[in-house]
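File shown: work_7.pdb (PDB, N, CA and C atoms).
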```
ATOM      1  N   MET R  55     -79.961 -26.120  49.435
ATOM      2  CA  MET R  55     -78.587 -26.551  49.266
ATOM      3  C   MET R  55     -78.527 -28.048  49.565
ATOM      4  N   ASN R  56     -77.872 -28.815  48.700
ATOM      5  CA  ASN R  56     -77.774 -30.251  48.922
ATOM      6  C   ASN R  56     -76.518 -30.585  49.724
ATOM      7  N   ALA R  57     -76.330 -31.858  50.018
ATOM      8  CA  ALA R  57     -75.207 -32.291  50.855
ATOM      9  C   ALA R  57     -73.862 -31.960  50.208
ATOM     10  N   ARG R  58     -73.744 -32.128  48.902
ATOM     11  CA  ARG R  58     -72.483 -31.828  48.220
ATOM     12  C   ARG R  58     -72.156 -30.339  48.332
ATOM     13  N   GLN R  59     -73.125 -29.494  48.061
ATOM     14  CA  GLN R  59     -72.893 -28.051  48.133
ATOM     15  C   GLN R  59     -72.540 -27.621  49.559
ATOM     16  N   THR R  60     -73.236 -28.176  50.517
ATOM     17  CA  THR R  60     -72.974 -27.842  51.916
ATOM     18  C   THR R  60     -71.582 -28.288  52.320
ATOM     19  N   THR R  61     -71.211 -29.507  51.923
ATOM     20  CA  THR R  61     -69.884 -30.025  52.247
ATOM     21  C   THR R  61     -68.800 -29.180  51.591
ATOM     22  N   GLU R  62     -68.989 -28.821  50.335
ATOM     23  CA  GLU R  62     -68.009 -27.986  49.646
ATOM     24  C   GLU R  62     -67.874 -26.621  50.316
ATOM     25  N   LYS R  63     -68.990 -26.041  50.730
ATOM     26  CA  LYS R  63     -68.963 -24.752  51.421
ATOM     27  C   LYS R  63     -68.191 -24.876  52.735
ATOM     28  N   HIS R  64     -68.481 -25.922  53.498
ATOM     29  CA  HIS R  64     -67.786 -26.131  54.768
ATOM     30  C   HIS R  64     -66.295 -26.376  54.546
ATOM     31  N   ALA R  65     -65.959 -27.109  53.500
ATOM     32  CA  ALA R  65     -64.550 -27.398  53.208
ATOM     33  C   ALA R  65     -63.794 -26.117  52.860
ATOM     34  N   ARG R  66     -64.404 -25.238  52.068
ATOM     35  CA  ARG R  66     -63.752 -23.966  51.734
ATOM     36  C   ARG R  66     -63.543 -23.114  52.984
ATOM     37  N   THR R  67     -64.541 -23.071  53.839
ATOM     38  CA  THR R  67     -64.431 -22.297  55.076
ATOM     39  C   THR R  67     -63.354 -22.883  55.967
ATOM     40  N   LEU R  68     -63.324 -24.202  56.092
ATOM     41  CA  LEU R  68     -62.321 -24.866  56.914
ATOM     42  C   LEU R  68     -60.918 -24.599  56.371
ATOM     43  N   ALA R  69     -60.738 -24.671  55.074
ATOM     44  CA  ALA R  69     -59.426 -24.411  54.478
ATOM     45  C   ALA R  69     -58.971 -22.981  54.761
ATOM     46  N   ALA R  70     -59.865 -22.027  54.650
ATOM     47  CA  ALA R  70     -59.519 -20.630  54.920
ATOM     48  C   ALA R  70     -59.143 -20.436  56.388
ATOM     49  N   LEU R  71     -59.909 -21.045  57.281
ATOM     50  CA  LEU R  71     -59.612 -20.920  58.712
ATOM     51  C   LEU R  71     -58.299 -21.597  59.071
ATOM     52  N   LEU R  72     -58.040 -22.752  58.488
ATOM     53  CA  LEU R  72     -56.798 -23.464  58.789
ATOM     54  C   LEU R  72     -55.570 -22.666  58.346
ATOM     55  N   THR R  73     -55.693 -21.973  57.225
ATOM     56  CA  THR R  73     -54.593 -21.128  56.774
ATOM     57  C   THR R  73     -54.333 -20.019  57.782
ATOM     58  N   ARG R  74     -55.395 -19.382  58.252
ATOM     59  CA  ARG R  74     -55.249 -18.315  59.244
ATOM     60  C   ARG R  74     -54.732 -18.869  60.565
ATOM     61  N   MET R  75     -55.176 -20.066  60.950
ATOM     62  CA  MET R  75     -54.710 -20.686  62.188
ATOM     63  C   MET R  75     -53.226 -21.017  62.100
ATOM     64  N   GLN R  76     -52.790 -21.485  60.954
ATOM     65  CA  GLN R  76     -51.374 -21.825  60.773
ATOM     66  C   GLN R  76     -50.503 -20.592  60.990
ATOM     67  N   THR R  77     -50.936 -19.457  60.474
ATOM     68  CA  THR R  77     -50.202 -18.214  60.672
ATOM     69  C   THR R  77     -50.160 -17.836  62.149
ATOM     70  N   ALA R  78     -51.303 -17.933  62.811
ATOM     71  CA  ALA R  78     -51.374 -17.576  64.236
ATOM     72  C   ALA R  78     -50.496 -18.492  65.080
ATOM     73  N   VAL R  79     -50.499 -19.780  64.774
ATOM     74  CA  VAL R  79     -49.690 -20.741  65.531
ATOM     75  C   VAL R  79     -48.207 -20.457  65.333
ATOM     76  N   ALA R  80     -47.815 -20.095  64.122
ATOM     77  CA  ALA R  80     -46.410 -19.798  63.853
ATOM     78  C   ALA R  80     -45.947 -18.560  64.623
ATOM     79  N   GLU R  81     -46.860 -17.637  64.891
ATOM     80  CA  GLU R  81     -46.514 -16.405  65.599
ATOM     81  C   GLU R  81     -46.567 -16.543  67.118
ATOM     82  N   LEU R  82     -47.202 -17.581  67.622
ATOM     83  CA  LEU R  82     -47.339 -17.751  69.073
ATOM     84  C   LEU R  82     -46.015 -17.723  69.830
ATOM     85  N   PRO R  83     -45.006 -18.471  69.413
ATOM     86  CA  PRO R  83     -43.756 -18.477  70.181
ATOM     87  C   PRO R  83     -43.080 -17.106  70.264
ATOM     88  N   ASP R  84     -43.406 -16.193  69.347
ATOM     89  CA  ASP R  84     -42.786 -14.869  69.334
ATOM     90  C   ASP R  84     -43.488 -13.866  70.241
ATOM     91  N   GLN R  85     -44.618 -14.259  70.830
ATOM     92  CA  GLN R  85     -45.316 -13.334  71.717
ATOM     93  C   GLN R  85     -44.489 -13.131  72.980
ATOM     94  N   PRO R  86     -44.411 -11.890  73.461
ATOM     95  CA  PRO R  86     -43.571 -11.610  74.624
ATOM     96  C   PRO R  86     -44.056 -12.294  75.900
ATOM     97  N   GLN R  87     -45.356 -12.432  76.036
ATOM     98  CA  GLN R  87     -45.891 -13.074  77.238
ATOM     99  C   GLN R  87     -46.957 -14.072  76.850
ATOM    100  N   LEU R  88     -46.892 -15.224  77.475
ATOM    101  CA  LEU R  88     -47.942 -16.232  77.347
ATOM    102  C   LEU R  88     -48.352 -16.613  78.765
ATOM    103  N   HIS R  89     -49.628 -16.883  78.953
ATOM    104  CA  HIS R  89     -50.104 -17.251  80.281
ATOM    105  C   HIS R  89     -50.988 -18.493  80.181
ATOM    106  N   TRP R  90     -51.473 -18.948  81.315
ATOM    107  CA  TRP R  90     -52.244 -20.191  81.345
ATOM    108  C   TRP R  90     -53.522 -20.102  80.533
ATOM    109  N   GLY R  91     -54.062 -18.910  80.358
ATOM    110  CA  GLY R  91     -55.235 -18.757  79.488
ATOM    111  C   GLY R  91     -54.907 -19.148  78.061
ATOM    112  N   HIS R  92     -53.719 -18.760  77.592
ATOM    113  CA  HIS R  92     -53.286 -19.165  76.254
ATOM    114  C   HIS R  92     -53.155 -20.682  76.175
ATOM    115  N   ALA R  93     -52.575 -21.269  77.219
ATOM    116  CA  ALA R  93     -52.377 -22.724  77.233
ATOM    117  C   ALA R  93     -53.718 -23.450  77.162
ATOM    118  N   GLU R  94     -54.698 -22.978  77.916
ATOM    119  CA  GLU R  94     -56.014 -23.622  77.906
ATOM    120  C   GLU R  94     -56.711 -23.432  76.565
ATOM    121  N   GLN R  95     -56.602 -22.237  75.995
ATOM    122  CA  GLN R  95     -57.252 -21.972  74.716
ATOM    123  C   GLN R  95     -56.626 -22.786  73.589
ATOM    124  N   THR R  96     -55.300 -22.906  73.601
ATOM    125  CA  THR R  96     -54.669 -23.699  72.548
ATOM    126  C   THR R  96     -54.982 -25.182  72.725
ATOM    127  N   ARG R  97     -55.128 -25.640  73.964
ATOM    128  CA  ARG R  97     -55.521 -27.038  74.185
ATOM    129  C   ARG R  97     -56.927 -27.281  73.657
ATOM    130  N   ASP R  98     -57.844 -26.353  73.916
ATOM    131  CA  ASP R  98     -59.203 -26.474  73.386
ATOM    132  C   ASP R  98     -59.189 -26.482  71.859
ATOM    133  N   ALA R  99     -58.382 -25.605  71.272
ATOM    134  CA  ALA R  99     -58.281 -25.560  69.810
ATOM    135  C   ALA R  99     -57.740 -26.878  69.264
ATOM    136  N   LEU R 100     -56.744 -27.432  69.949
ATOM    137  CA  LEU R 100     -56.181 -28.707  69.520
ATOM    138  C   LEU R 100     -57.217 -29.827  69.604
ATOM    139  N   ARG R 101     -58.002 -29.821  70.673
ATOM    140  CA  ARG R 101     -59.057 -30.839  70.824
ATOM    141  C   ARG R 101     -60.006 -30.795  69.625
ATOM    142  N   TRP R 102     -60.439 -29.597  69.249
ATOM    143  CA  TRP R 102     -61.370 -29.472  68.125
ATOM    144  C   TRP R 102     -60.679 -29.785  66.796
ATOM    145  N   ALA R 103     -59.402 -29.454  66.681
ATOM    146  CA  ALA R 103     -58.660 -29.777  65.458
ATOM    147  C   ALA R 103     -58.541 -31.288  65.279
ATOM    148  N   VAL R 104     -58.287 -31.996  66.374
ATOM    149  CA  VAL R 104     -58.208 -33.458  66.306
ATOM    150  C   VAL R 104     -59.579 -34.032  65.932
ATOM    151  N   ALA R 105     -60.643 -33.485  66.517
ATOM    152  CA  ALA R 105     -61.994 -33.949  66.180
ATOM    153  C   ALA R 105     -62.292 -33.705  64.701
ATOM    154  N   ALA R 106     -61.892 -32.544  64.183
ATOM    155  CA  ALA R 106     -62.101 -32.250  62.761
ATOM    156  C   ALA R 106     -61.283 -33.194  61.887
ATOM    157  N   ALA R 107     -60.035 -33.442  62.284
ATOM    158  CA  ALA R 107     -59.190 -34.369  61.522
ATOM    159  C   ALA R 107     -59.791 -35.766  61.510
ATOM    160  N   PHE R 108     -60.358 -36.178  62.635
ATOM    161  CA  PHE R 108     -61.010 -37.482  62.710
ATOM    162  C   PHE R 108     -62.227 -37.519  61.785
ATOM    163  N   ALA R 109     -63.016 -36.453  61.828
ATOM    164  CA  ALA R 109     -64.223 -36.397  60.987
ATOM    165  C   ALA R 109     -63.876 -36.443  59.504
ATOM    166  N   LEU R 110     -62.721 -35.889  59.151
ATOM    167  CA  LEU R 110     -62.294 -35.881  57.749
ATOM    168  C   LEU R 110     -61.524 -37.136  57.360
ATOM    169  N   GLY R 111     -61.293 -38.013  58.320
ATOM    170  CA  GLY R 111     -60.584 -39.248  58.031
ATOM    171  C   GLY R 111     -59.073 -39.088  57.977
ATOM    172  N   VAL R 112     -58.564 -37.977  58.513
ATOM    173  CA  VAL R 112     -57.128 -37.714  58.493
ATOM    174  C   VAL R 112     -56.419 -38.507  59.589
ATOM    175  N   VAL R 113     -57.071 -38.661  60.723
ATOM    176  CA  VAL R 113     -56.544 -39.490  61.808
ATOM    177  C   VAL R 113     -57.577 -40.548  62.157
ATOM    178  N   ASP R 114     -57.098 -41.677  62.653
ATOM    179  CA  ASP R 114     -58.014 -42.734  63.079
ATOM    180  C   ASP R 114     -58.139 -42.682  64.603
ATOM    181  N   GLU R 115     -58.908 -43.603  65.146
ATOM    182  CA  GLU R 115     -59.151 -43.611  66.594
ATOM    183  C   GLU R 115     -57.856 -43.752  67.386
ATOM    184  N   ASP R 116     -56.948 -44.621  66.924
ATOM    185  CA  ASP R 116     -55.686 -44.822  67.638
ATOM    186  C   ASP R 116     -54.847 -43.548  67.662
ATOM    187  N   GLU R 117     -54.742 -42.894  66.513
ATOM    188  CA  GLU R 117     -53.935 -41.691  66.463
ATOM    189  C   GLU R 117     -54.560 -40.553  67.266
ATOM    190  N   SER R 118     -55.872 -40.425  67.225
ATOM    191  CA  SER R 118     -56.515 -39.376  68.028
ATOM    192  C   SER R 118     -56.288 -39.640  69.516
ATOM    193  N   ARG R 119     -56.325 -40.888  69.892
ATOM    194  CA  ARG R 119     -56.032 -41.242  71.300
ATOM    195  C   ARG R 119     -54.579 -40.926  71.636
ATOM    196  N   ASP R 120     -53.656 -41.233  70.712
ATOM    197  CA  ASP R 120     -52.238 -40.931  70.930
ATOM    198  C   ASP R 120     -51.993 -39.431  71.045
ATOM    199  N   LEU R 121     -52.810 -38.635  70.373
ATOM    200  CA  LEU R 121     -52.693 -37.180  70.432
ATOM    201  C   LEU R 121     -53.297 -36.629  71.733
ATOM    202  N   GLY R 122     -53.974 -37.490  72.484
ATOM    203  CA  GLY R 122     -54.534 -37.075  73.778
ATOM    204  C   GLY R 122     -56.009 -36.716  73.730
ATOM    205  N   PHE R 123     -56.654 -36.924  72.591
ATOM    206  CA  PHE R 123     -58.059 -36.583  72.466
ATOM    207  C   PHE R 123     -58.809 -37.712  71.748
ATOM    208  N   PRO R 124     -59.138 -38.767  72.475
ATOM    209  CA  PRO R 124     -59.809 -39.900  71.830
ATOM    210  C   PRO R 124     -61.152 -39.503  71.224
ATOM    211  N   CYS R 125     -61.388 -39.988  70.023
ATOM    212  CA  CYS R 125     -62.653 -39.716  69.325
ATOM    213  C   CYS R 125     -63.539 -40.956  69.348
TER     214      CYS R 125
END
```

Encoded form (structure tokens):
Amino acid sequence: MNARQTTEKHARTLAALLTRMQTAVAELPDQPQLHWGHAEQTRDALRWAVAAAFALGVVDEDESRDLGFPC
């Protein structure tokens, strides 16, 4: 597999996961109970989302720093 094929495969997987994540995030406020474990897990997810956005060129260093996760 060459770099283009690998990148396209990763992009399709990322798009599918982001769609599922968007659904999960929209449902979070409706959960009857949330605890600090949820808060820590969502913070970790946000950290990786910012890193992915940076890698894709969606955010720059300043914006990633403003989001609380400097790249």

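Between Phe108 (chain R) and the candidates R:Thr67, R:His89, R:Cys125, R:Ala78, the tightest atom-to-atom separation, counting only N, CA and C atoms, involves R:Cys125.
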
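Our summary of the geometry notes that CA of Phe123 (chain R) is positioned 23.2 Å from CA of Leu88 (chain R).
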
Inset, instruction - Write down as a PyMOL selection string the residues belonging to chain R that are assigned alpha helix (DSSP H) by DSSP computed on the backbone. - result: chain R and resi 57-81+90-109+115-120

Inset, instruction - Report the distance between atom N of Leu121 (chain R) and atom N of Asp98 (chain R) in Å, rounded to one decimal place. - result: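 If I compute the distance from atom N of Leu121 (chain R) to atom N of Asp98 (chain R), I get 13.7 Å.
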
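Atom N of Leu110 (chain R) sits 15.4 Å away from CA of Ala57 (chain R).
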
Legend entry - Contact residues around region 114-119 of chain R with only C-alpha atoms at 12 Å, ignoring same-chain residues under 6 positions, as a list in words: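 Once the nearby chain positions are removed, what remains is Leu100, Arg101, Trp102, Ala103, Val104, Ala105, Ala106, Ala107, Phe108 and Cys125 of chain R.
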
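Taking only C-alpha atoms into account, Thr96 (chain R) lies nearest to R:Val79 out of the set R:Val79, R:Leu71, R:Met55, R:Ala109.
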
Mind working out the centre and edge lengths of an axis-aligned box for region 71-85 of chain R, all listed atoms inside, 6 Å added to each side, rounded to one decimal in Å and written as lines of an AutoDock Vina configuration file?
```
center_x = -51.3
center_y = -18.3
center_z = 64.9
size_x = 29.1
size_y = 22.3
size_z = 28.2
```

Starting from the sparse input, extend region 73-84 of chain R to all heavy atoms and give the output as an mmCIF file, keeping the file's coordinate frame.
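Okay, this is what ended up in part-v4.cif:
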```cif
data_model
loop_
_atom_site.group_PDB
_atom_site.id
_atom_site.type_symbol
_atom_site.label_atom_id
_atom_site.label_comp_id
_atom_site.auth_asym_id
_atom_site.auth_seq_id
_atom_site.Cartn_x
_atom_site.Cartn_y
_atom_site.Cartn_z
ATOM 1 N N THR R 73 -55.693 -21.973 57.225
ATOM 2 C CA THR R 73 -54.593 -21.128 56.774
ATOM 3 C C THR R 73 -54.333 -20.019 57.782
ATOM 4 O O THR R 73 -53.179 -19.748 58.148
ATOM 5 C CB THR R 73 -54.923 -20.539 55.384
ATOM 6 O OG1 THR R 73 -55.113 -21.609 54.469
ATOM 7 C CG2 THR R 73 -53.806 -19.634 54.894
ATOM 8 N N ARG R 74 -55.395 -19.382 58.252
ATOM 9 C CA ARG R 74 -55.249 -18.315 59.244
ATOM 10 C C ARG R 74 -54.732 -18.869 60.565
ATOM 11 O O ARG R 74 -53.903 -18.235 61.236
ATOM 12 C CB ARG R 74 -56.578 -17.608 59.438
ATOM 13 C CG ARG R 74 -56.980 -16.797 58.214
ATOM 14 C CD ARG R 74 -58.390 -16.289 58.248
ATOM 15 N NE ARG R 74 -58.670 -15.533 59.456
ATOM 16 C CZ ARG R 74 -59.906 -15.200 59.829
ATOM 17 N NH1 ARG R 74 -60.951 -15.545 59.087
ATOM 18 N NH2 ARG R 74 -60.104 -14.517 60.944
ATOM 19 N N MET R 75 -55.176 -20.066 60.950
ATOM 20 C CA MET R 75 -54.710 -20.686 62.188
ATOM 21 C C MET R 75 -53.226 -21.017 62.100
ATOM 22 O O MET R 75 -52.491 -20.841 63.076
ATOM 23 C CB MET R 75 -55.524 -21.950 62.488
ATOM 24 C CG MET R 75 -56.936 -21.671 62.955
ATOM 25 S SD MET R 75 -57.934 -23.170 63.101
ATOM 26 C CE MET R 75 -57.033 -24.079 64.334
ATOM 27 N N GLN R 76 -52.790 -21.485 60.954
ATOM 28 C CA GLN R 76 -51.374 -21.825 60.773
ATOM 29 C C GLN R 76 -50.503 -20.592 60.990
ATOM 30 O O GLN R 76 -49.463 -20.659 61.642
ATOM 31 C CB GLN R 76 -51.156 -22.416 59.384
ATOM 32 C CG GLN R 76 -49.759 -22.932 59.167
ATOM 33 C CD GLN R 76 -49.634 -23.628 57.821
ATOM 34 O OE1 GLN R 76 -50.467 -23.474 56.933
ATOM 35 N NE2 GLN R 76 -48.582 -24.386 57.659
ATOM 36 N N THR R 77 -50.936 -19.457 60.474
ATOM 37 C CA THR R 77 -50.202 -18.214 60.672
ATOM 38 C C THR R 77 -50.160 -17.836 62.149
ATOM 39 O O THR R 77 -49.104 -17.482 62.689
ATOM 40 C CB THR R 77 -50.853 -17.082 59.856
ATOM 41 O OG1 THR R 77 -50.824 -17.441 58.473
ATOM 42 C CG2 THR R 77 -50.129 -15.764 60.057
ATOM 43 N N ALA R 78 -51.303 -17.933 62.811
ATOM 44 C CA ALA R 78 -51.374 -17.576 64.236
ATOM 45 C C ALA R 78 -50.496 -18.492 65.080
ATOM 46 O O ALA R 78 -49.809 -18.035 65.999
ATOM 47 C CB ALA R 78 -52.823 -17.634 64.716
ATOM 48 N N VAL R 79 -50.499 -19.780 64.774
ATOM 49 C CA VAL R 79 -49.690 -20.741 65.531
ATOM 50 C C VAL R 79 -48.207 -20.457 65.333
ATOM 51 O O VAL R 79 -47.415 -20.523 66.276
ATOM 52 C CB VAL R 79 -50.048 -22.189 65.119
ATOM 53 C CG1 VAL R 79 -49.033 -23.182 65.628
ATOM 54 C CG2 VAL R 79 -51.427 -22.546 65.634
ATOM 55 N N ALA R 80 -47.815 -20.095 64.122
ATOM 56 C CA ALA R 80 -46.410 -19.798 63.853
ATOM 57 C C ALA R 80 -45.947 -18.560 64.623
ATOM 58 O O ALA R 80 -44.774 -18.451 64.983
ATOM 59 C CB ALA R 80 -46.203 -19.596 62.355
ATOM 60 N N GLU R 81 -46.860 -17.637 64.891
ATOM 61 C CA GLU R 81 -46.514 -16.405 65.599
ATOM 62 C C GLU R 81 -46.567 -16.543 67.118
ATOM 63 O O GLU R 81 -46.019 -15.706 67.834
ATOM 64 C CB GLU R 81 -47.443 -15.281 65.149
ATOM 65 C CG GLU R 81 -47.241 -14.893 63.690
ATOM 66 C CD GLU R 81 -48.284 -13.917 63.171
ATOM 67 O OE1 GLU R 81 -49.228 -13.582 63.928
ATOM 68 O OE2 GLU R 81 -48.170 -13.496 62.009
ATOM 69 N N LEU R 82 -47.202 -17.581 67.622
ATOM 70 C CA LEU R 82 -47.339 -17.751 69.073
ATOM 71 C C LEU R 82 -46.015 -17.723 69.830
ATOM 72 O O LEU R 82 -45.903 -17.002 70.829
ATOM 73 C CB LEU R 82 -48.081 -19.053 69.394
ATOM 74 C CG LEU R 82 -49.537 -18.959 69.752
ATOM 75 C CD1 LEU R 82 -50.120 -20.342 69.979
ATOM 76 C CD2 LEU R 82 -49.800 -18.062 70.917
ATOM 77 N N PRO R 83 -45.006 -18.471 69.413
ATOM 78 C CA PRO R 83 -43.756 -18.477 70.181
ATOM 79 C C PRO R 83 -43.080 -17.106 70.264
ATOM 80 O O PRO R 83 -42.272 -16.862 71.152
ATOM 81 C CB PRO R 83 -42.863 -19.458 69.431
ATOM 82 C CG PRO R 83 -43.798 -20.309 68.658
ATOM 83 C CD PRO R 83 -44.967 -19.430 68.322
ATOM 84 N N ASP R 84 -43.406 -16.193 69.347
ATOM 85 C CA ASP R 84 -42.786 -14.869 69.334
ATOM 86 C C ASP R 84 -43.488 -13.866 70.241
ATOM 87 O O ASP R 84 -43.009 -12.742 70.395
ATOM 88 C CB ASP R 84 -42.760 -14.317 67.902
ATOM 89 C CG ASP R 84 -41.911 -15.185 66.983
ATOM 90 O OD1 ASP R 84 -40.936 -15.800 67.467
ATOM 91 O OD2 ASP R 84 -42.238 -15.263 65.789
#
```
